[in-house]
Amino acid sequence: MAKAAKTSVEETPPEEGVRRWGMVIDLDRCTGCQACVVACHAENNVPVVGEEESARGRSMHWIRVERYWEGEYPNVKARFMPLLCQQCTQAPCEPVCPVFATYHTPEGLNAQVYNRCIGVRYCANNCPYKVRTFNWFRPQFPEPLDQQLNPDVTTRSRGIIEKCTFCVQRIRRVELDAGAEGRDVHDGEIQPACAQSCPSSALVFGDLNDPDSRVSQLARSRRAFRLLDFLGTDPAVIYLKGGETNV
Ligand code: SF4
């Protein structure tokens, strides 16, 4: 694999020959339609908690769309920012877990071992992006809703923290298929559910360590920025600033 080119944002130097999965989110393209949220629920067996629990701050979306208003009335514009686990290289959630339920994979994913989690929620409290959700109740999928469950993904019980994995089950499937066929994973071959469902292609997933991948090219845009970058979390999610000419 060729050496990765530098992006316009500060990042951990790439390891030669190792993938670093990442995502670029173009805020100019996001219309706030929430198709990504629905797709994530369907793909990852994420329960719908309902209005009452949401009002108590117990919603369980692995990706949510934050809404901002720009300008002063009457010249006000709505802006949208999809927010999911930033898969930080220096993840604040990892060192505070007393049972090592959350850890870093060699490919840069911030993984969560569900059957190791004891639900103390230190990780969620230490996450500056607030993208870890807690299962307050045992999720119910009464018939025929159980038919919609994705067999590639565990259905989690109550009392654990769960979160976005960049659809790791899809990543593994493509990696295994490519390995069996004796070839590399092609750029764009892996699509997390959110990226696949986005009608405006605002979400682009790929290998940040491959300088030729689309995600790397977009990360080098002068519009690129990372959320709360000053905290030094080194996220693998890179946003492209909205309201500017596409560069
Ligand atoms: S599906 Fe795409 S356009 Fe719709 S909210 Fe998600 S990122 Fe934005």
# chains A, B, ... in the order shown; residues from 1 in each chain; ligands from 1
$ residues_near_ligand --ligand "ligand 1" --cutoff "6 Å" --atoms "only C-alpha atoms and all ligand atoms" --output "list in words"
Cys30, Thr31, Gly32, Cys33, Gln34, Ala35, Cys36, Pro82, Cys198, Pro199, Ser200, Ala202 and Leu203 of chain A
$ select_by_dssp --residues "segment 39-99 of chain A" --states "strand (DSSP E)" --output "list in words"
Ile63, Arg64, Val65, Glu66, Arg67, Tyr68, Trp69, Glu70, Lys77, Ala78, Arg79, Phe80, Met81, Pro82, Leu83 and Leu84 of chain A
$ atom_distance --atom1 "atom CA of Cys164 of chain A" --atom2 "atom CA of Glu70 of chain A"
28.3 Å
$ residues_around --residues "Asn125 of chain A" --least-positions-apart "4" --cutoff "10 Å" --atoms "only C-alpha atoms" --output "PDB file with N, CA, C and O atoms, in the first residue's frame"
ATOM      1  N   PRO A  92     -11.431   9.012  24.739  1.00  0.00           N
ATOM      2  CA  PRO A  92     -11.562   9.220  26.191  1.00  0.00           C
ATOM      3  C   PRO A  92     -12.387   8.124  26.872  1.00  0.00           C
ATOM      4  O   PRO A  92     -12.291   7.945  28.080  1.00  0.00           O
ATOM      5  N   CYS A  93     -13.212   7.405  26.097  1.00  0.00           N
ATOM      6  CA  CYS A  93     -14.048   6.351  26.691  1.00  0.00           C
ATOM      7  C   CYS A  93     -13.238   5.117  27.070  1.00  0.00           C
ATOM      8  O   CYS A  93     -13.622   4.370  27.967  1.00  0.00           O
ATOM      9  N   VAL A  96     -11.274   4.646  30.770  1.00  0.00           N
ATOM     10  CA  VAL A  96     -12.082   4.698  31.994  1.00  0.00           C
ATOM     11  C   VAL A  96     -12.949   3.458  32.201  1.00  0.00           C
ATOM     12  O   VAL A  96     -13.604   3.326  33.232  1.00  0.00           O
ATOM     13  N   VAL A 120     -21.549   0.513  34.009  1.00  0.00           N
ATOM     14  CA  VAL A 120     -21.284   1.615  34.941  1.00  0.00           C
ATOM     15  C   VAL A 120     -21.317   2.983  34.251  1.00  0.00           C
ATOM     16  O   VAL A 120     -21.388   4.005  34.905  1.00  0.00           O
ATOM     17  N   ARG A 121     -21.237   2.994  32.964  1.00  0.00           N
ATOM     18  CA  ARG A 121     -21.408   4.199  32.124  1.00  0.00           C
ATOM     19  C   ARG A 121     -20.309   5.250  32.290  1.00  0.00           C
ATOM     20  O   ARG A 121     -20.531   6.419  31.990  1.00  0.00           O
ATOM     21  N   TYR A 129     -18.632  13.638  22.830  1.00  0.00           N
ATOM     22  CA  TYR A 129     -19.583  13.736  21.725  1.00  0.00           C
ATOM     23  C   TYR A 129     -20.964  13.185  22.088  1.00  0.00           C
ATOM     24  O   TYR A 129     -21.906  13.303  21.322  1.00  0.00           O
ATOM     25  N   LYS A 130     -21.054  12.534  23.254  1.00  0.00           N
ATOM     26  CA  LYS A 130     -22.324  11.963  23.743  1.00  0.00           C
ATOM     27  C   LYS A 130     -22.977  11.043  22.696  1.00  0.00           C
ATOM     28  O   LYS A 130     -24.109  11.256  22.268  1.00  0.00           O
ATOM     29  N   ARG A 132     -22.644   7.549  23.014  1.00  0.00           N
ATOM     30  CA  ARG A 132     -22.807   6.200  23.583  1.00  0.00           C
ATOM     31  C   ARG A 132     -24.178   6.144  24.247  1.00  0.00           C
ATOM     32  O   ARG A 132     -24.572   7.073  24.941  1.00  0.00           O
TER      33      ARG A 132
END
$ residues_around --residues "segment 188-191 of chain A" --least-positions-apart "5" --cutoff "12 Å" --atoms "only C-alpha atoms" --output "VMD selection string"
chain A and resid 21 to 23 36 39 to 40 43 166 to 178 196 to 198 201 203 to 207 210 212 to 216
$ select_by_dssp --residues "segment 46-123 of chain A" --states "alpha helix (DSSP H)" --output "ChimeraX atom specification"
/A:51-55,122-123
$ write_last_selection --atoms "C-alpha atoms" --output "compact mmCIF listing (two decimals), in the first residue's frame"
# COMPACT_ATOMS: atom_id res chain seq x y z
CA GLU A 51 -41.52 9.38 23.11
CA GLU A 52 -41.68 9.03 26.91
CA GLU A 53 -38.23 7.52 27.30
CA SER A 54 -36.77 9.97 24.78
CA ALA A 55 -38.14 12.82 26.91
CA TYR A 122 -18.05 5.83 32.86
CA CYS A 123 -17.40 5.71 29.10
$ closest_residue --among "A:Ala124, A:Leu84, A:Val65, A:Val76" --to "Pro192 of chain A" --atoms "only C-alpha atoms"
A:Leu84
$ atom_distance --atom1 "atom CA of Leu227 of chain A" --atom2 "atom CA of Tyr239 of chain A"
7.6 Å
$ residues_around --residues "Thr105 of chain A" --least-positions-apart "6" --cutoff "12 Å" --atoms "only C-alpha atoms" --output "list of chain:residue names"
A:Val18, A:Arg19, A:Arg20, A:Trp21, A:Gln87, A:Cys88, A:Thr89, A:Ala91, A:Glu94, A:Ala111, A:Gln112, A:Val113, A:Thr165, A:Val168
$ residues_around --residues "Arg116 of chain A" --least-positions-apart "6" --cutoff "8 Å" --atoms "only C-alpha atoms" --output "list in words"
Val99, Phe100 and Ala101 of chain A
$ write_last_selection --atoms "C-alpha atoms" --output "short mmCIF file (atom, residue, chain, number, x, y, z; two decimals), in the first residue's frame"
data_model
loop_
_atom_site.label_atom_id
_atom_site.label_comp_id
_atom_site.auth_asym_id
_atom_site.auth_seq_id
_atom_site.Cartn_x
_atom_site.Cartn_y
_atom_site.Cartn_z
CA VAL A 99 -13.56 -4.11 32.57
CA PHE A 100 -11.98 -3.22 29.19
CA ALA A 101 -15.33 -3.59 27.42
#
$ closest_atom_pairs --of "segment 38-115 of chain A" --to "segment 141-154 of chain A" --cutoff "10 Å" --atoms "only C-alpha atoms" --output "tab-separated table"
residue	atom	partner	partner_atom	distance
A:His41	CA	A:Leu149	CA	9.8
A:Ala42	CA	A:Leu149	CA	7.4
A:Glu43	CA	A:Asn150	CA	6.1
A:Asn44	CA	A:Val153	CA	6.0
A:Asn45	CA	A:Leu149	CA	5.7
A:Val46	CA	A:Leu149	CA	9.2
A:Pro47	CA	A:Phe141	CA	8.1
A:Val48	CA	A:Phe141	CA	9.7
A:Tyr114	CA	A:Thr154	CA	8.7
$ write_last_selection --atoms "all heavy atoms" --output "CSV table (one decimal), in the first residue's frame"
chain,number,residue,atom,x,y,z
A,41,HIS,N,-30.8,2.0,12.6
A,41,HIS,CA,-31.7,1.3,13.5
A,41,HIS,C,-32.0,-0.1,12.9
A,41,HIS,O,-31.9,-1.1,13.6
A,41,HIS,CB,-33.0,2.0,13.7
A,41,HIS,CG,-33.0,3.0,14.9
A,41,HIS,ND1,-33.6,2.7,16.1
A,41,HIS,CD2,-32.5,4.2,15.0
A,41,HIS,CE1,-33.4,3.7,16.9
A,41,HIS,NE2,-32.8,4.7,16.3
A,42,ALA,N,-32.3,-0.1,11.6
A,42,ALA,CA,-32.7,-1.4,11.0
A,42,ALA,C,-31.5,-2.3,10.9
A,42,ALA,O,-31.6,-3.5,11.1
A,42,ALA,CB,-33.2,-1.1,9.6
A,43,GLU,N,-30.3,-1.8,10.5
A,43,GLU,CA,-29.1,-2.6,10.3
A,43,GLU,C,-28.6,-3.2,11.6
A,43,GLU,O,-28.2,-4.3,11.7
A,43,GLU,CB,-28.0,-1.8,9.7
A,43,GLU,CG,-26.6,-2.4,9.6
A,43,GLU,CD,-26.5,-3.6,8.6
A,43,GLU,OE1,-27.4,-3.7,7.7
A,43,GLU,OE2,-25.6,-4.4,8.8
A,44,ASN,N,-28.6,-2.4,12.7
A,44,ASN,CA,-27.9,-2.8,13.9
A,44,ASN,C,-28.9,-3.2,15.1
A,44,ASN,O,-28.5,-3.2,16.2
A,44,ASN,CB,-27.0,-1.6,14.4
A,44,ASN,CG,-25.9,-1.4,13.4
A,44,ASN,OD1,-25.1,-2.2,13.2
A,44,ASN,ND2,-25.9,-0.2,12.8
A,45,ASN,N,-30.1,-3.5,14.7
A,45,ASN,CA,-31.1,-3.9,15.8
A,45,ASN,C,-31.2,-2.9,16.9
A,45,ASN,O,-31.2,-3.3,18.1
A,45,ASN,CB,-30.7,-5.3,16.3
A,45,ASN,CG,-30.7,-6.4,15.2
A,45,ASN,OD1,-31.3,-6.2,14.1
A,45,ASN,ND2,-29.9,-7.4,15.4
A,46,VAL,N,-31.2,-1.7,16.6
A,46,VAL,CA,-31.3,-0.6,17.6
A,46,VAL,C,-32.7,-0.5,18.0
A,46,VAL,O,-33.6,-0.2,17.1
A,46,VAL,CB,-30.7,0.7,17.1
A,46,VAL,CG1,-30.7,1.7,18.2
A,46,VAL,CG2,-29.2,0.5,16.7
A,47,PRO,N,-33.1,-0.6,19.3
A,47,PRO,CA,-34.5,-0.5,19.7
A,47,PRO,C,-35.0,1.0,19.6
A,47,PRO,O,-34.2,1.9,19.7
A,47,PRO,CB,-34.5,-1.0,21.1
A,47,PRO,CG,-33.1,-1.0,21.6
A,47,PRO,CD,-32.2,-0.9,20.4
A,48,VAL,N,-36.3,1.1,19.3
A,48,VAL,CA,-37.0,2.4,19.4
A,48,VAL,C,-37.6,2.5,20.7
A,48,VAL,O,-38.4,1.7,21.2
A,48,VAL,CB,-38.0,2.5,18.3
A,48,VAL,CG1,-38.8,3.8,18.4
A,48,VAL,CG2,-37.4,2.3,16.9
A,114,TYR,N,-20.0,-6.3,24.1
A,114,TYR,CA,-21.3,-6.2,24.9
A,114,TYR,C,-21.3,-7.1,26.1
A,114,TYR,O,-21.8,-6.7,27.1
A,114,TYR,CB,-22.5,-6.4,23.9
A,114,TYR,CG,-22.6,-5.4,22.9
A,114,TYR,CD1,-22.7,-5.7,21.5
A,114,TYR,CD2,-22.6,-4.0,23.2
A,114,TYR,CE1,-22.8,-4.7,20.6
A,114,TYR,CE2,-22.7,-3.0,22.3
A,114,TYR,CZ,-22.8,-3.4,20.9
A,114,TYR,OH,-22.9,-2.4,20.0
$ closest_residue --among "A:Val37, A:Ala78, A:Cys85, A:Ala236" --to "Arg64 of chain A" --atoms "only C-alpha atoms"
A:Val37
$ residues_around --residues "Arg226 of chain A" --least-positions-apart "5" --cutoff "8 Å" --atoms "only C-alpha atoms" --output "ChimeraX atom specification"
/A:9,235,237-239
